[in-house]
Amino acid sequence: MLTIQNPILKGFYPDPSICRVGEDYYLVNSSFSYFPGVPLFHSRDLGHWEQVGNILDRPEQLPLEGGEISRGIFAPVIRWHKGTFYMITTNVDQGGTFVVTSKTPEGPWSEPFYLGEEAKGIDPSLFFDEDGTCYYVGTRPNSNGVHYNGDWEIWLQELDLEKMCLTGESRTIWKGAMQNAIWPEGPHLYKIGEYYYLLHAEGGTAEDHCICVARTRSLEEPFEGCPRNPVFTHRHLGLEYPVTCAGHGDLVDDGHGNWYIVMLACRRCKDCSSMGRETFLAKVQWENGWPVINPGIGKLEEVLELPMEPVHFPREASENVFFEFYKDQLPKELVSIYGRDSERYSLSERPGFLRLHAGKHHAGETEKSTYLGVRQMSYTFTTSLGMEFIPKDSHSGAGFLLFQNHRNFLRAEIRSENQNSKISVIETIDGQEQIRKTISIEEGLVEILFQAEEQLGRVSIVQNGETRIVAENIDLRPYSTEYAGGFVGCTMGMYASAYGRETKDYADVAWFAVRK
C-alpha cells in the first residue's frame, strides 16, 4: 500500500494530462509563456514523479515573443498509440494548435505539425478509437454565434495522422452540462466498456470550476449528460475552504481495474493563491456506468492510500531543490521567460558557476530577460542564492527575483553606486516600483536569502559568516492570482539586467536552493 500527499505536483503545474504505457505513467502541464515548454513527468506509482524533460525545448518549437506571461501554451494533452507518443496543444498567439511526436518520452520531440485555421479554439485532445481512427476533440466559440461571454462548444473531427491535418466533417457534440454553461473546455474522449465518455470542465477555471461527463454508445449519436453533473467540484465548499478551483481532469487506469483522475486545483493562503493551479489526484469508481470521484468523500483528499508499491527515483519532483553548476547542461526544472538567449548564460566561462550576462530587457517588459527560476511550491520556504556581482555600470542589477507577471514582481538586487556595492529590495506592484530598503554590502560572494511564511517575506544577506536583514514583513499577496490576475503561479530564481543599456556586466551564481 502506498501513501501519497496532494497535490502530487506542487506549484504552478496546471491543466494536467496523463497517459499510461504499460506500468509507466506520463503527465504534462501547461507552461504558458515560460521556456522550455510543457514539462513532462514520469511515475510508476502515481505518487512519486520525476521530470524527464520538457517537450518543447527548442526555440523553433516554441515561438513566444510578443505575448504576455499568461499567453503561450494552453492545455497540452499527452497520448500514446502504437509505439508513438503524441502531444497536442495550442500556442494561442503564435501558430495555433499543433501536434508533436516522439518514439520515447525523453525525446527528441518532432517539429510542430500545425493544424491550421480549421483547428479553431483551444484545449485540443486526441482520442484513438478501437479501429485506429484518431479523433480531435476541442473547444471553440459557439458555431451558431456567441450570445454571451463563455458561450463555447465542444467539437469533434477526424485527424489524419499521415498528413497531420483534420479531415471529414467537423461536428459539435456538446454545449456543456449546465443551462447556459460557460467555458466548456478541457475535453477528453475515452472508450470504456460499451460507452464513449466525454469528460470536460466548465464554469471557468476559477472558483466555479467543475468536472462534468457525458456518454454515448456511438460517436454518430448524441451524448447524454450524467444525471449527477457536475460529477466533481469544490465550488460548494466556499472561498474559505483551503483548496479551490478544482476541475480540468483527465482519467487514467492502472491496468488492474483501478481508476484515477488528475485535475487542477488551487491552495490558498490568506485568501490568496500565489502558486497558481497545481496537479491533484483522486480515486474514481464506476457506478451504473458513470464515474464517481472520491466516492463517499466528494472532495480532494490531502492524503491518499493507493493499492501500489512505492517506486522512487533518484531525482524526484520536490519542494526542496539544490542546484550547483558543475555540469554542461542546465537543470530541467529551470525556466526562463519567453525563451532563452544562449549568449546570456554560460556554464563554461567560469567552471563551477553559472554566468548570467545582463541583457537590455528586464522583468517589467514582455521580452526575454536574463532569468532562470523554479516554480514556487509552498507558502513557507527559504531560498538561498550564492552570487558574485561586481558591476561596472551603475544601471546594471542582479540578484533574486520573485515573478508573478510583468506588473507584479519582487527583486532583491545588487547594484553599484559611487563604486560601492549595495543591495535593494524593490517591490513592483501593478506596474509601480518602490524601493523597500537598501543596505551596503561588500564586494565578493554574497548569499541572498528570501524567506516566506504565509504571505510574509523577508530578505537577508550572509557575508563573512554574518547575517543581516535587508527587509522584512514584506506583503506577498500582490504576487498572487487574486491581485495580479492571469493563469500562472509565481516562479523565483536568478536574475540580471542592464535596464535598457548594452553592457558587459555579468553575475556569477555558485548555487541556488529552495528548502521548505
# chains A, B, ... in the order shown; residues from 1 in each chain; ligands from 1

$ residues_around --residues "stretch 58-68 of chain A" --least-positions-apart "4" --cutoff "9 Å" --atoms "only C-alpha atoms" --output "PyMOL selection string"
chain A and resi 32-37+72-73+91+93-95+100+110-112+337-340+366-368+405-406

$ residues_around --residues "A:Ile426" --least-positions-apart "3" --cutoff "7 Å" --atoms "only C-alpha atoms" --output "ChimeraX atom specification"
/A:410-412,433-436

$ select_by_dssp --residues "stretch 79-296 of chain A" --states "strand (DSSP E)" --output "PyMOL selection string"
chain A and resi 79-81+84-91+96-102+113-114+122-128+134-141+152-160+165-174+185-192+195-202+210-216+224-225+232-233+243-253+259-267+278-287+290-293

$ residues_around --residues "stretch 119-121 of chain A" --least-positions-apart "5" --cutoff "8 Å" --atoms "only C-alpha atoms" --output "VMD selection string"
chain A and resid 96 to 97 138 to 141 166

$ write_last_selection --atoms "all heavy atoms" --output "compact mmCIF listing (two decimals), in the first residue's frame"
# COMPACT_ATOMS: atom_id res chain seq x y z
N GLY A 96 -1.19 28.75 -33.36
CA GLY A 96 -2.38 27.99 -33.03
C GLY A 96 -2.08 26.57 -32.59
O GLY A 96 -1.03 26.27 -32.00
N THR A 97 -2.99 25.66 -32.91
CA THR A 97 -2.91 24.28 -32.43
C THR A 97 -1.93 23.46 -33.26
O THR A 97 -1.89 23.57 -34.48
CB THR A 97 -4.30 23.64 -32.45
OG1 THR A 97 -5.13 24.32 -31.50
CG2 THR A 97 -4.26 22.17 -32.10
N GLY A 138 -12.01 19.25 -29.25
CA GLY A 138 -11.56 20.53 -28.72
C GLY A 138 -12.73 21.41 -28.34
O GLY A 138 -13.90 21.00 -28.38
N THR A 139 -12.43 22.63 -27.97
CA THR A 139 -13.46 23.59 -27.60
C THR A 139 -13.26 24.86 -28.42
O THR A 139 -12.13 25.27 -28.68
CB THR A 139 -13.44 23.88 -26.08
OG1 THR A 139 -14.50 24.76 -25.75
CG2 THR A 139 -12.12 24.48 -25.64
N ARG A 140 -14.39 25.47 -28.84
CA ARG A 140 -14.34 26.65 -29.71
C ARG A 140 -15.57 27.51 -29.44
O ARG A 140 -16.54 27.07 -28.81
CB ARG A 140 -14.33 26.20 -31.18
CG ARG A 140 -15.62 25.51 -31.61
CD ARG A 140 -15.51 24.93 -33.01
NE ARG A 140 -16.75 24.22 -33.38
CZ ARG A 140 -16.87 23.43 -34.45
NH1 ARG A 140 -15.83 23.23 -35.25
NH2 ARG A 140 -18.01 22.83 -34.71
N PRO A 141 -15.57 28.76 -29.93
CA PRO A 141 -16.76 29.59 -29.78
C PRO A 141 -17.96 28.94 -30.46
O PRO A 141 -17.83 28.21 -31.44
CB PRO A 141 -16.36 30.89 -30.49
CG PRO A 141 -14.88 30.91 -30.46
CD PRO A 141 -14.45 29.48 -30.55
N LEU A 166 -6.74 17.87 -40.21
CA LEU A 166 -8.12 17.48 -39.94
C LEU A 166 -8.80 17.10 -41.24
O LEU A 166 -8.54 17.69 -42.29
CB LEU A 166 -8.87 18.64 -39.27
CG LEU A 166 -8.36 19.02 -37.87
CD1 LEU A 166 -9.04 20.28 -37.38
CD2 LEU A 166 -8.60 17.88 -36.88

$ residues_around --residues "stretch 484-486 of chain A" --least-positions-apart "4" --cutoff "8 Å" --atoms "only C-alpha atoms" --output "VMD selection string"
chain A and resid 70 404 to 405 407 to 408 430 478 to 480

$ write_last_selection --atoms "C-alpha atoms" --output "short mmCIF file (atom, residue, chain, number, x, y, z; two decimals), in the first residue's frame"
data_model
loop_
_atom_site.label_atom_id
_atom_site.label_comp_id
_atom_site.auth_asym_id
_atom_site.auth_seq_id
_atom_site.Cartn_x
_atom_site.Cartn_y
_atom_site.Cartn_z
CA SER A 70 -0.41 34.08 -19.29
CA GLN A 404 4.23 36.68 -10.95
CA ASN A 405 3.79 38.78 -14.08
CA ARG A 407 3.48 44.22 -13.41
CA ASN A 408 3.85 42.30 -10.16
CA ASP A 430 0.58 46.93 -10.55
CA PRO A 478 0.26 41.27 -4.53
CA TYR A 479 2.11 38.40 -6.24
CA SER A 480 -0.98 36.20 -6.27
#

$ residues_around --residues "stretch 305-320 of chain A" --least-positions-apart "4" --cutoff "9 Å" --atoms "only C-alpha atoms" --output "CSV table (one decimal) with N, CA, C and O atoms, in the first residue's frame"
chain,number,residue,atom,x,y,z
A,1,MET,N,0.8,-1.2,0.0
A,1,MET,CA,0.0,0.0,0.0
A,1,MET,C,0.9,1.2,0.0
A,1,MET,O,1.9,1.3,0.7
A,2,LEU,N,0.5,2.2,-0.8
A,2,LEU,CA,1.2,3.5,-0.9
A,2,LEU,C,0.5,4.6,-0.4
A,2,LEU,O,-0.7,4.8,-0.7
A,3,THR,N,1.1,5.5,0.4
A,3,THR,CA,0.5,6.7,1.0
A,3,THR,C,1.2,7.9,0.3
A,3,THR,O,2.4,8.0,0.2
A,4,ILE,N,0.3,8.7,-0.4
A,4,ILE,CA,0.8,9.9,-1.1
A,4,ILE,C,0.1,11.1,-0.6
A,4,ILE,O,-1.0,11.0,0.0
A,9,LEU,N,1.8,17.2,-7.8
A,9,LEU,CA,2.8,18.2,-8.3
A,9,LEU,C,2.5,19.5,-7.7
A,9,LEU,O,1.5,20.1,-8.1
A,10,LYS,N,3.4,20.0,-6.9
A,10,LYS,CA,3.2,21.2,-6.2
A,10,LYS,C,3.7,22.4,-7.0
A,10,LYS,O,4.7,22.3,-7.7
A,11,GLY,N,3.0,23.5,-6.9
A,11,GLY,CA,3.4,24.7,-7.7
A,11,GLY,C,2.6,24.8,-8.9
A,11,GLY,O,1.7,24.0,-9.2
A,41,PHE,N,6.5,14.7,-17.0
A,41,PHE,CA,6.8,13.9,-15.7
A,41,PHE,C,6.5,12.4,-16.0
A,41,PHE,O,5.7,12.0,-16.7
A,43,SER,N,6.1,8.6,-13.8
A,43,SER,CA,5.9,7.9,-12.5
A,43,SER,C,5.5,6.4,-12.7
A,43,SER,O,5.1,6.1,-13.8
A,44,ARG,N,5.7,5.6,-11.7
A,44,ARG,CA,5.3,4.2,-11.8
A,44,ARG,C,4.3,3.9,-10.6
A,44,ARG,O,3.9,2.7,-10.5
A,45,ASP,N,4.0,4.9,-9.8
A,45,ASP,CA,3.0,4.6,-8.7
A,45,ASP,C,2.0,5.8,-8.5
A,45,ASP,O,1.3,5.8,-7.6
A,46,LEU,N,2.1,6.8,-9.4
A,46,LEU,CA,1.2,8.0,-9.3
A,46,LEU,C,1.4,8.9,-8.1
A,46,LEU,O,0.8,9.9,-8.0
A,47,GLY,N,2.4,8.6,-7.3
A,47,GLY,CA,2.7,9.4,-6.2
A,47,GLY,C,4.1,10.0,-6.2
A,47,GLY,O,4.3,11.1,-5.8
A,48,HIS,N,5.0,9.3,-6.8
A,48,HIS,CA,6.4,9.8,-6.9
A,48,HIS,C,6.7,10.1,-8.4
A,48,HIS,O,6.5,9.2,-9.2
A,49,TRP,N,7.1,11.3,-8.7
A,49,TRP,CA,7.3,11.8,-10.0
A,49,TRP,C,8.7,12.3,-10.3
A,49,TRP,O,9.3,13.0,-9.4
A,50,GLU,N,9.2,12.0,-11.5
A,50,GLU,CA,10.5,12.6,-11.9
A,50,GLU,C,10.2,13.4,-13.2
A,50,GLU,O,9.4,13.0,-14.0
A,51,GLN,N,10.9,14.5,-13.3
A,51,GLN,CA,10.8,15.3,-14.5
A,51,GLN,C,11.8,14.7,-15.5
A,51,GLN,O,13.0,14.8,-15.3
A,258,ASN,N,-8.3,-0.5,-11.4
A,258,ASN,CA,-8.5,0.8,-10.6
A,258,ASN,C,-8.3,2.0,-11.5
A,258,ASN,O,-7.5,2.1,-12.4
A,283,LYS,N,-9.3,9.3,-6.6
A,283,LYS,CA,-9.7,8.0,-7.0
A,283,LYS,C,-11.1,8.1,-7.8
A,283,LYS,O,-11.9,9.0,-7.5
A,333,GLU,N,14.4,21.6,-14.4
A,333,GLU,CA,13.4,22.4,-13.7
A,333,GLU,C,13.5,23.9,-13.9
A,333,GLU,O,12.5,24.6,-13.6
A,376,GLN,N,7.3,28.3,-7.5
A,376,GLN,CA,7.1,28.3,-6.0
A,376,GLN,C,6.2,27.2,-5.7
A,376,GLN,O,5.2,26.9,-6.3
A,377,MET,N,6.5,26.4,-4.7
A,377,MET,CA,5.8,25.2,-4.3
A,377,MET,C,5.2,25.1,-3.0
A,377,MET,O,4.6,24.2,-2.6
A,378,SER,N,5.4,26.2,-2.2
A,378,SER,CA,4.9,26.2,-0.8
A,378,SER,C,4.7,27.7,-0.4
A,378,SER,O,5.2,28.6,-1.0
A,381,PHE,N,8.9,28.7,3.0
A,381,PHE,CA,10.1,28.2,2.4
A,381,PHE,C,11.2,29.2,2.6
A,381,PHE,O,11.0,30.4,2.9
A,513,ALA,N,19.2,27.4,-4.2
A,513,ALA,CA,18.5,26.3,-3.4
A,513,ALA,C,17.2,26.8,-2.9
A,513,ALA,O,17.0,28.0,-2.6
A,514,VAL,N,16.2,25.9,-2.7
A,514,VAL,CA,15.0,26.1,-2.1
A,514,VAL,C,14.8,25.0,-1.1
A,514,VAL,O,14.9,23.8,-1.4
A,515,ARG,N,14.4,25.4,0.1
A,515,ARG,CA,14.1,24.3,1.1
A,515,ARG,C,12.9,24.8,1.9
A,515,ARG,O,12.7,25.9,2.2
A,516,LYS,N,12.1,23.8,2.2
A,516,LYS,CA,10.8,24.0,2.9
A,516,LYS,C,11.1,24.1,4.4
A,516,LYS,O,11.9,23.3,4.9

$ residues_around --residues "A:Pro351" --least-positions-apart "6" --cutoff "12 Å" --atoms "only C-alpha atoms" --output "number ranges by chain"
A: 324-328, 508-510

$ closest_residue --among "A:Leu56, A:Leu161, A:Leu251, A:Ala246" --to "A:Leu198" --atoms "only C-alpha atoms"
A:Leu251

$ atom_distance --atom1 "atom CA of A:Met178" --atom2 "atom CA of A:Gly203"
8.9 Å

$ closest_residue --among "A:Phe400, A:Trp152, A:Tyr195, A:Tyr136" --to "A:Trp183" --atoms "only C-alpha atoms"
A:Trp152

$ residues_around --residues "A:Phe74" --least-positions-apart "2" --cutoff "10 Å" --atoms "only C-alpha atoms" --output "compact mmCIF listing (two decimals) with C-alpha atoms, in the first residue's frame"
# COMPACT_ATOMS: atom_id res chain seq x y z
CA PRO A 14 -2.00 23.40 -14.25
CA ASP A 15 -4.17 21.58 -16.81
CA ASN A 29 1.13 20.56 -17.84
CA SER A 30 0.51 23.98 -19.35
CA SER A 31 3.56 26.23 -19.40
CA PHE A 32 2.12 29.44 -20.93
CA SER A 33 4.99 31.83 -21.80
CA VAL A 38 5.34 21.59 -21.46
CA SER A 70 -0.41 34.08 -19.29
CA ARG A 71 -0.50 33.54 -23.06
CA GLY A 72 1.62 30.99 -24.95
CA PRO A 76 -1.33 20.22 -23.57
CA VAL A 77 -2.54 16.62 -23.86
CA ILE A 88 -1.20 18.26 -28.82
CA THR A 89 -1.59 21.82 -27.57
CA THR A 90 -2.29 25.40 -28.63
CA ASN A 91 0.19 28.27 -28.85
CA VAL A 92 -2.51 30.90 -28.64
CA GLY A 96 -2.38 27.99 -33.03
CA THR A 97 -2.91 24.28 -32.43
CA ILE A 122 -8.22 25.84 -27.60
CA ASP A 123 -7.81 22.78 -25.35
CA PRO A 124 -7.39 20.13 -28.07
CA GLY A 186 -10.53 20.69 -21.40
CA PHE A 487 -3.32 31.91 -15.21
